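Below: start36.cif (mmCIF, C-alpha atoms)
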data_data
#
loop_
_atom_site.label_atom_id
_atom_site.label_comp_id
_atom_site.auth_asym_id
_atom_site.auth_seq_id
_atom_site.Cartn_x
_atom_site.Cartn_y
_atom_site.Cartn_z
CA MET L 445 0.00 0.00 0.00
CA GLU L 446 1.43 3.36 -1.05
CA LYS L 447 1.67 5.89 1.79
CA ILE L 448 1.59 9.52 0.65
CA PHE L 449 2.27 12.03 3.42
CA VAL L 450 1.11 15.66 3.02
CA ILE L 451 3.09 18.11 5.16
CA GLY L 452 3.04 21.89 5.53
CA GLY L 453 2.75 24.66 8.08
CA MET L 454 -0.48 25.86 9.61
CA GLY L 455 -2.64 27.52 6.94
CA ALA L 456 -0.45 26.26 4.06
CA GLY L 457 -3.22 24.24 2.38
CA LYS L 458 -2.59 20.62 3.42
CA SER L 459 -6.32 19.88 3.62
CA THR L 460 -6.91 21.11 0.06
CA ALA L 461 -4.08 18.91 -1.24
CA ARG L 462 -5.42 15.94 0.72
CA LYS L 463 -8.97 16.54 -0.59
CA ALA L 464 -7.67 16.61 -4.18
CA LEU L 465 -6.19 13.13 -3.69
CA VAL L 466 -9.18 11.75 -1.78
CA ASP L 467 -11.43 12.93 -4.62
CA GLN L 468 -9.33 10.72 -6.93
CA GLY L 469 -10.37 7.72 -4.83
CA LEU L 470 -7.57 7.49 -2.26
CA GLU L 471 -8.24 6.67 1.39
CA TYR L 472 -6.92 9.11 3.98
CA ILE L 473 -5.83 9.41 7.59
CA ASP L 474 -5.79 12.81 9.32
CA LEU L 475 -3.22 12.67 12.14
CA ASP L 476 -4.64 15.90 13.64
CA LEU L 477 -8.00 14.16 13.93
CA ILE L 478 -6.38 11.16 15.63
CA GLY L 479 -4.67 13.64 17.95
CA HIS L 480 -8.05 15.18 18.82
CA GLU L 481 -9.64 11.74 19.35
CA ILE L 482 -7.01 10.59 21.85
CA LEU L 483 -7.62 13.72 23.96
CA HIS L 484 -10.91 12.03 24.94
CA TRP L 485 -9.10 8.97 26.35
CA GLU L 486 -9.26 8.92 30.17
CA ILE L 487 -5.55 8.12 30.57
CA VAL L 488 -4.61 11.05 28.31
CA LYS L 489 -6.92 13.43 30.20
CA GLU L 490 -5.30 12.34 33.48
CA ASP L 491 -1.74 12.77 32.13
CA VAL L 492 -2.49 16.15 30.50
CA SER L 493 -4.19 17.64 33.57
CA ALA L 494 -1.40 16.33 35.86
CA THR L 495 1.21 17.95 33.58
CA PHE L 496 -0.47 21.24 32.61
CA GLY L 497 -2.96 21.78 35.47
CA GLU L 498 -6.63 21.04 36.12
CA ASP L 499 -7.61 24.31 34.41
CA VAL L 500 -7.07 22.73 30.97
CA LEU L 501 -10.21 20.67 31.63
CA ASP L 502 -13.69 22.06 30.97
CA PRO L 503 -16.61 21.66 33.45
CA ASP L 504 -17.43 18.25 31.90
CA GLY L 505 -13.90 16.97 32.51
CA GLU L 506 -12.94 17.12 28.83
CA ILE L 507 -9.73 18.76 27.62
CA ASN L 508 -10.26 22.35 26.46
CA ARG L 509 -7.94 22.39 23.42
CA LYS L 510 -7.57 26.19 23.40
CA ALA L 511 -6.62 26.27 27.09
CA LEU L 512 -4.15 23.44 26.51
CA ALA L 513 -2.66 25.16 23.45
CA ARG L 514 -2.04 28.35 25.45
CA LYS L 515 0.16 26.34 27.83
CA ALA L 516 1.63 23.66 25.56
CA PHE L 517 2.80 25.88 22.70
CA VAL L 518 4.41 28.58 24.80
CA SER L 519 7.90 27.02 24.44
CA PRO L 520 9.61 23.99 22.88
CA ALA L 521 10.03 22.44 26.34
CA GLU L 522 6.28 22.62 27.05
CA THR L 523 5.45 21.29 23.57
CA ARG L 524 7.77 18.32 24.23
CA LYS L 525 5.85 17.57 27.46
CA LEU L 526 2.61 17.34 25.48
CA ASN L 527 4.24 15.27 22.72
CA ARG L 528 5.55 12.76 25.27
CA ILE L 529 1.95 12.17 26.38
CA THR L 530 0.27 12.14 22.98
CA GLN L 531 2.77 10.90 20.38
CA PRO L 532 3.04 7.23 21.43
CA ARG L 533 -0.78 6.97 21.53
CA ILE L 534 -1.15 8.72 18.15
CA GLU L 535 1.41 6.32 16.69
CA ASP L 536 -0.49 3.28 18.03
CA ALA L 537 -3.84 4.52 16.67
CA PHE L 538 -2.22 5.44 13.32
CA THR L 539 -0.50 2.09 12.73
CA THR L 540 -3.73 0.28 13.64
CA LYS L 541 -5.59 2.30 10.95
CA LEU L 542 -2.83 1.63 8.41
CA ASP L 543 -3.00 -2.12 9.12
CA GLU L 544 -6.80 -2.08 8.69
CA LEU L 545 -6.56 -0.31 5.31
CA GLU L 546 -3.79 -2.62 4.11
CA ALA L 547 -5.77 -5.69 5.15
CA ALA L 548 -8.76 -4.33 3.20
CA GLY L 549 -6.61 -4.22 0.04
CA CYS L 550 -6.37 -0.42 -0.17
CA PRO L 551 -3.81 0.51 -2.89
CA ALA L 552 -2.87 3.97 -1.52
CA VAL L 553 -3.52 6.20 1.48
CA VAL L 554 -3.00 9.93 2.03
CA VAL L 555 -1.75 10.96 5.47
CA GLU L 556 -2.16 14.59 6.52
CA TYR L 557 0.63 15.36 9.00
CA SER L 558 0.99 18.86 10.48
CA VAL L 559 3.62 18.19 13.18
CA PHE L 560 6.10 16.56 10.79
CA LYS L 561 9.75 17.09 11.81
CA SER L 562 11.72 14.74 9.58
CA ARG L 563 11.37 11.40 7.82
CA GLN L 564 13.71 9.77 10.34
CA MET L 565 12.23 11.13 13.58
CA SER L 566 8.52 10.73 13.00
CA LEU L 567 5.70 8.56 11.72
CA ALA L 568 6.79 9.65 8.24
CA TYR L 569 9.55 7.01 8.14
CA LEU L 570 6.70 4.88 6.73
CA ALA L 571 6.18 7.33 3.84
CA ASP L 572 6.68 6.35 0.21
CA ILE L 573 6.14 9.95 -0.93
CA VAL L 574 6.24 13.20 1.07
CA ILE L 575 4.36 16.13 -0.47
CA ALA L 576 5.13 19.58 0.97
CA VAL L 577 2.56 22.35 0.59
CA LEU L 578 4.10 25.79 1.04
CA ALA L 579 2.70 29.32 1.30
CA PRO L 580 4.06 32.72 2.45
CA LEU L 581 3.98 33.13 6.24
CA GLU L 582 1.61 36.10 6.38
CA VAL L 583 -0.79 34.38 3.96
CA ARG L 584 -0.81 31.30 6.21
CA ILE L 585 -1.52 33.40 9.31
CA GLU L 586 -4.33 35.23 7.50
CA ARG L 587 -5.92 31.91 6.41
CA ALA L 588 -5.67 30.36 9.90
CA VAL L 589 -7.20 33.45 11.54
CA ALA L 590 -10.00 33.46 8.93
CA SER L 591 -10.77 29.84 9.85
CA GLY L 592 -11.26 30.80 13.52
CA PHE L 593 -7.85 30.67 15.20
CA ASP L 594 -6.45 33.44 17.41
CA GLU L 595 -3.52 35.22 15.70
CA ALA L 596 -1.19 35.03 18.72
CA ASP L 597 -1.95 31.29 19.03
CA VAL L 598 -1.25 30.78 15.29
CA ARG L 599 2.10 32.58 15.53
CA ARG L 600 3.06 30.50 18.61
CA ARG L 601 2.20 27.25 16.85
CA ILE L 602 4.03 28.18 13.65
CA ALA L 603 7.11 29.08 15.72
CA GLN L 604 7.18 25.48 17.02
CA GLN L 605 7.06 23.99 13.51
CA ILE L 606 9.93 23.34 11.11
CA THR L 607 10.65 25.90 8.36
CA ASP L 608 9.60 25.67 4.73
CA ALA L 609 13.29 25.23 3.78
CA GLU L 610 13.41 22.14 6.01
CA ARG L 611 10.16 20.85 4.48
CA ILE L 612 11.56 21.25 0.95
CA GLU L 613 14.66 19.28 1.98
CA GLN L 614 12.51 16.38 3.23
CA ALA L 615 9.91 16.37 0.43
CA ASP L 616 9.71 14.42 -2.83
CA VAL L 617 7.11 16.80 -4.30
CA VAL L 618 6.58 20.51 -3.49
CA PHE L 619 3.50 22.63 -4.23
CA ASN L 620 3.50 26.41 -3.77
CA ASN L 621 0.06 27.50 -2.62
CA ASP L 622 0.20 31.26 -3.05
CA GLY L 623 -2.92 31.36 -5.25
CA THR L 624 -6.47 30.06 -4.85
CA LYS L 625 -7.64 26.75 -3.39
CA GLU L 626 -8.81 25.73 -6.86
CA GLU L 627 -5.34 26.30 -8.33
CA LEU L 628 -3.69 24.12 -5.67
CA TYR L 629 -6.39 21.46 -6.04
CA ASN L 630 -5.85 21.28 -9.81
CA LYS L 631 -2.04 21.16 -9.45
CA VAL L 632 -2.32 18.18 -7.10
CA VAL L 633 -4.82 16.33 -9.33
CA ASN L 634 -2.56 16.85 -12.36
CA TRP L 635 0.47 15.58 -10.42
CA TRP L 636 -1.43 12.49 -9.25
CA ASN L 637 -2.66 11.66 -12.77
CA GLU L 638 0.90 11.93 -14.14
CA TYR L 639 2.40 9.97 -11.23
CA ASN L 640 -0.25 7.25 -11.52
CA ALA L 641 0.22 6.93 -15.28
CA ALA L 642 3.95 6.38 -14.80
CA TYR L 643 3.47 3.32 -12.57
#

structure tokens encoding of this file:
Amino acid sequence: MEKIFVIGGMGAGKSTARKALVDQGLEYIDLDLIGHEILHWEIVKEDVSATFGEDVLDPDGEINRKALARKAFVSPAETRKLNRITQPRIEDAFTTKLDELEAAGCPAVVVEYSVFKSRQMSLAYLADIVIAVLAPLEVRIERAVASGFDEADVRRRIAQQITDAERIEQADVVFNNDGTKEELYNKVVNWWNEYNAAY
């Protein structure tokens, strides 16, 4: 089963690239979504509240993601604390989903991966292809704010991510998304059709 990882900074357009491939019939796994799902696990809620304080829980005892983000993305050290809690569980849930798709005879899967660091240090060592979606920083911030994020939070999160230069170094395919969603979508579909025809 071919594993195609889509990486890029916040607001770069990863979801558009992923949708373009899914619309061509590929299955997909959203690692952000897995990350959100595990925050509902009791053991994760216990570990997170013990590490970052009870005030990251809402009145129902669920993790308030905005409150957690304000604490976890304030510095690399705090982000590492969160990653130590979540990453092993995300990896378990991810590999289980991959195994299920492979067992079902799925020929290819798209994996949207926003916290990518490198092919050696992350889940992406499983990747056959890494696609990087890039966009100018201020454009990315504008898009993220338009989708409902707080600007200071967006800037904090972006500061914790790798740079576009590092993404280019790790990627097999690079798309610049400085135009419209439709333009990026069409670029990705064209790439996939050419890539598919070659194999």

How would you write, as a VMD selection string, the residues chosen by the PyMOL selection byres ((chain L and resi 570-579) around 8) on this structure?
chain L and resid 446 to 453 455 to 458 461 563 567 to 569 580 to 581 583 to 584 608 611 to 612 614 to 622

At a cut-off of 9 Å, can you tabulate as a tab-separated table every residue of range 581-624 of chain L near range 553-561 of chain L together with its closest atom pair and the distance in Å to one decimal, using only C-alpha atoms and ordering rows by chain then number?
residue	atom	partner	partner_atom	distance
L:Gln604	CA	L:Val559	CA	9.0
L:Gln605	CA	L:Val559	CA	6.8
L:Ile606	CA	L:Lys561	CA	6.3
L:Glu610	CA	L:Lys561	CA	8.5
L:Arg611	CA	L:Lys561	CA	8.2

Under the rule that all atoms listed in the file are counted, which of L:Lys489, L:Asp499, L:Glu613, L:Gly505 is the nearest residue to Ser562 in chain L?
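Among the listed residues, L:Glu613 lies closest to Ser562 in chain L.
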
Measure the distance from CA of Val598 in chain L to CA of Ala516 in chain L in Å and round it to one decimal.
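So the two atoms, CA of Val598 in chain L and CA of Ala516 in chain L, lie 12.8 Å apart.
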
Distance query Asn640 in chain L at most 12 Å, all atoms listed in the file, self and fewer than 5 positions along chain excluded, as number ranges by chain:
L: 446, 465, 468, 470, 551-552, 632-635

Option closest in space to Lys625 in chain L, from L:Arg587, L:Ala513, L:Glu486, L:Ile529 [counting all atoms listed in the file]
L:Arg587

Which value, in Å to one decimal, gives the distance between CA of Gly497 in chain L and CA of Trp485 in chain L?
16.9 Å

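Shortest atom-to-atom contact with Pro532 in chain L among L:Arg514, L:Arg509, L:Ala494, L:Val488: L:Val488, counting only C-alpha atoms.
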
Kindly extract all protein, DNA and RNA residues lying within 9 Å of the coordinates (5.2, 9.7, 18.1) given in the file, considering all atoms listed in the file, and supply them as a PyMOL selection string.
chain L and resi 527-528+530-536+565-567

What lies within 12 Å of Lys541 in chain L using all atoms listed in the file, ignoring chain neighbours under 2 positions off, as a PyMOL selection string?
chain L and resi 471-475+478+534-539+543-548+550+553+555

So, counting all atoms listed in the file, which residue among L:Ile507, L:Leu512, L:Ala609, L:Ala588 is closest to His484 in chain L?
L:Ile507

Report, in Å with one decimal, the straight-line distance from CA of Glu490 in chain L to CA of Asp597 in chain L.
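Going from CA of Glu490 in chain L over to CA of Asp597 in chain L covers 24.1 Å.
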
Could you work out an axis-aligned box for range 475-482 of chain L, taking every atom the file lists and adding 5 Å on each side, and report centre and edge lengths in Å to one decimal, as lines of an AutoDock Vina configuration file?
center_x = -6.4
center_y = 13.2
center_z = 17.0
size_x = 16.4
size_y = 15.3
size_z = 19.7

In the coordinate frame of the file, compute which residues have an atom within 12 Å of (10.7, 25.9, 22.7) when using all atoms listed in the file, and state them as an MDAnalysis selection string.
chainID L and resid 515:525 600:606
